[in-house]
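The structure appears below as structure tokens.
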Amino acid sequence: EQPKLCLASCRDEVLSLLSSHNKVVSDPQLLLRKCLDPPDPGVVADAAQYLKDVKACREVIISRKRKLVLTDHGALMSTLPFTVEEAGDIIHGAKHGLLHEALALVSIKSARPQPIVNAFGDSDSNRLNLSRYFPHVDPKDQKSAAIAQLAAYVYWYINWNKIR
């Protein structure tokens, strides 16, 4: 059986290590290499590259060595109790004045059951349920299904508050 760390993308772990104030811990590639069952170095490099791509960290040269340093965006992402992807979605939504909707969408994507419960194996019924809230939904497309789930959440949230 493979350890979970070997199968993971390591994005969250690398971000956590980068946000550490301890200099020994703040080098994720070196520290993860010393684990009992270390992840593949390529996985750690891919995680670091992803964090650079989403502007959570940047590479600087200190004493002729390349080092990853957390950006302000990355520091904000590391303080949120979400995964790297979820934190990025929430921050993006907050920047555009849609914090509530971004939080709802992230919770819908990561929580079960979702607002619209789909019947197992009944694709026509599922399409009908989802299309009540988002007419252009394709149940096989995760993005349009997530929009339908968010629309259902907002619908019930507004109507529930009217009752109270």
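Just so we're on the same page: first chain in the structure tokens is A, next is B, and so on; residues restart at 1 for each chain, and ligands are numbered from 1 in the order they show up.
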
Quick one: residues within 7 Å of stretch 13-19 of chain A, only C-alpha atoms, excluding same-chain residues fewer than 3 positions away - as a count of residues only?
11

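For chain A, the set of residues given strand (DSSP E or B) by DSSP on the backbone reads Cys57, Arg58, Glu59, Val60, Ile61, Ile62, Lys65, Arg66, Lys67, Leu68, Val69 and Leu70 of chain A.
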
Selection to disk with N, CA, C and O atoms, as a compact mmCIF listing (two decimals), in the first residue's frame:
# COMPACT_ATOMS: atom_id res chain seq x y z
N CYS A 57 3.60 31.95 -4.63
CA CYS A 57 5.00 32.09 -4.25
C CYS A 57 5.80 32.54 -5.47
O CYS A 57 5.30 32.50 -6.59
N ARG A 58 7.01 32.94 -5.22
CA ARG A 58 7.91 33.32 -6.32
C ARG A 58 9.30 32.79 -5.98
O ARG A 58 9.62 32.53 -4.84
N GLU A 59 10.10 32.67 -7.00
CA GLU A 59 11.46 32.16 -6.80
C GLU A 59 12.41 33.35 -6.74
O GLU A 59 12.38 34.24 -7.59
N VAL A 60 13.26 33.35 -5.71
CA VAL A 60 14.27 34.39 -5.55
C VAL A 60 15.63 33.71 -5.42
O VAL A 60 15.73 32.54 -5.05
N ILE A 61 16.67 34.46 -5.71
CA ILE A 61 18.02 33.93 -5.57
C ILE A 61 18.65 34.58 -4.34
O ILE A 61 18.78 35.80 -4.26
N ILE A 62 19.01 33.74 -3.38
CA ILE A 62 19.65 34.19 -2.14
C ILE A 62 20.95 33.42 -2.00
O ILE A 62 20.95 32.19 -1.93
N LYS A 65 21.60 30.61 -4.38
CA LYS A 65 20.67 29.48 -4.29
C LYS A 65 19.27 29.97 -4.63
O LYS A 65 18.88 31.06 -4.24
N ARG A 66 18.55 29.15 -5.35
CA ARG A 66 17.16 29.48 -5.66
C ARG A 66 16.29 29.04 -4.49
O ARG A 66 16.42 27.93 -3.98
N LYS A 67 15.41 29.95 -4.09
CA LYS A 67 14.54 29.67 -2.96
C LYS A 67 13.13 30.15 -3.27
O LYS A 67 12.95 31.20 -3.88
N LEU A 68 12.14 29.38 -2.85
CA LEU A 68 10.75 29.79 -3.01
C LEU A 68 10.36 30.66 -1.82
O LEU A 68 10.63 30.32 -0.68
N VAL A 69 9.72 31.79 -2.12
CA VAL A 69 9.29 32.73 -1.08
C VAL A 69 7.80 32.97 -1.28
O VAL A 69 7.33 33.17 -2.40
N LEU A 70 7.07 32.98 -0.18
CA LEU A 70 5.64 33.20 -0.22
C LEU A 70 5.32 34.65 -0.60
O LEU A 70 5.98 35.58 -0.14

Need the shell around A:Gln29: protein/DNA/RNA residues with any atom at most 8 Å away, counting only C-alpha atoms. Skip same-chain ones fewer than 2 positions apart. Format as an MDAnalysis selection string?
chainID A and resid 27 31:33 41 44:45

Output file for the selection above: N, CA, C and O atoms, as a PDB file, in the first residue's frame:
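Ended up saving to selection09.pdb:
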ATOM      1  N   ASP A  27      11.881  25.051   3.474  1.00  0.00           N
ATOM      2  CA  ASP A  27      12.332  24.512   2.187  1.00  0.00           C
ATOM      3  C   ASP A  27      11.610  23.190   1.946  1.00  0.00           C
ATOM      4  O   ASP A  27      12.053  22.141   2.411  1.00  0.00           O
ATOM      5  N   LEU A  31      12.852  19.250   2.883  1.00  0.00           N
ATOM      6  CA  LEU A  31      12.193  18.615   4.021  1.00  0.00           C
ATOM      7  C   LEU A  31      11.410  17.374   3.600  1.00  0.00           C
ATOM      8  O   LEU A  31      11.499  16.337   4.253  1.00  0.00           O
ATOM      9  N   LEU A  32      10.668  17.452   2.516  1.00  0.00           N
ATOM     10  CA  LEU A  32       9.869  16.305   2.081  1.00  0.00           C
ATOM     11  C   LEU A  32      10.745  15.152   1.599  1.00  0.00           C
ATOM     12  O   LEU A  32      10.329  14.000   1.643  1.00  0.00           O
ATOM     13  N   ARG A  33      11.951  15.459   1.148  1.00  0.00           N
ATOM     14  CA  ARG A  33      12.881  14.413   0.741  1.00  0.00           C
ATOM     15  C   ARG A  33      13.311  13.554   1.926  1.00  0.00           C
ATOM     16  O   ARG A  33      13.696  12.396   1.776  1.00  0.00           O
ATOM     17  N   PRO A  41      10.067  13.436  -6.191  1.00  0.00           N
ATOM     18  CA  PRO A  41      10.537  14.821  -6.360  1.00  0.00           C
ATOM     19  C   PRO A  41       9.815  15.581  -7.475  1.00  0.00           C
ATOM     20  O   PRO A  41       9.641  16.795  -7.398  1.00  0.00           O
ATOM     21  N   VAL A  44       6.617  17.105  -6.040  1.00  0.00           N
ATOM     22  CA  VAL A  44       6.905  18.306  -5.249  1.00  0.00           C
ATOM     23  C   VAL A  44       7.250  19.469  -6.172  1.00  0.00           C
ATOM     24  O   VAL A  44       6.796  20.604  -5.964  1.00  0.00           O
ATOM     25  N   ALA A  45       8.011  19.202  -7.224  1.00  0.00           N
ATOM     26  CA  ALA A  45       8.354  20.255  -8.188  1.00  0.00           C
ATOM     27  C   ALA A  45       7.104  20.750  -8.912  1.00  0.00           C
ATOM     28  O   ALA A  45       6.948  21.957  -9.139  1.00  0.00           O
TER      29      ALA A  45
END

In Å, how far is it from atom CA of A:Ala87 to atom CA of A:His136?
27.3 Å

Just the residues within 9 Å of A:Leu76, please, counting only C-alpha atoms, with nothing from its chain fewer than 4 positions along; format it as a short mmCIF file (atom, residue, chain, number, x, y, z; two decimals) with N, CA and C atoms, in the first residue's frame.
data_model
loop_
_atom_site.label_atom_id
_atom_site.label_comp_id
_atom_site.auth_asym_id
_atom_site.auth_seq_id
_atom_site.Cartn_x
_atom_site.Cartn_y
_atom_site.Cartn_z
N ALA A 56 1.16 32.26 -5.70
CA ALA A 56 1.21 32.06 -4.26
C ALA A 56 2.64 32.17 -3.74
N THR A 71 4.34 34.85 -1.44
CA THR A 71 3.87 36.20 -1.77
C THR A 71 2.75 36.57 -0.79
N ASP A 72 2.26 37.81 -0.87
CA ASP A 72 1.14 38.21 -0.02
C ASP A 72 -0.10 37.38 -0.35
N LEU A 80 -6.25 30.61 5.13
CA LEU A 80 -7.62 30.12 4.99
C LEU A 80 -7.66 28.61 5.23
N ALA A 87 -9.07 27.94 -1.74
CA ALA A 87 -8.68 29.27 -1.26
C ALA A 87 -8.53 30.24 -2.42
N ILE A 91 -10.66 33.72 -2.75
CA ILE A 91 -9.98 35.02 -2.88
C ILE A 91 -10.39 35.70 -4.18
#

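Distance check against A:Ala145 using only C-alpha atoms: of A:Ser107, A:Asn22, A:Ser131, A:Ser123, the minimum falls on A:Ser131.
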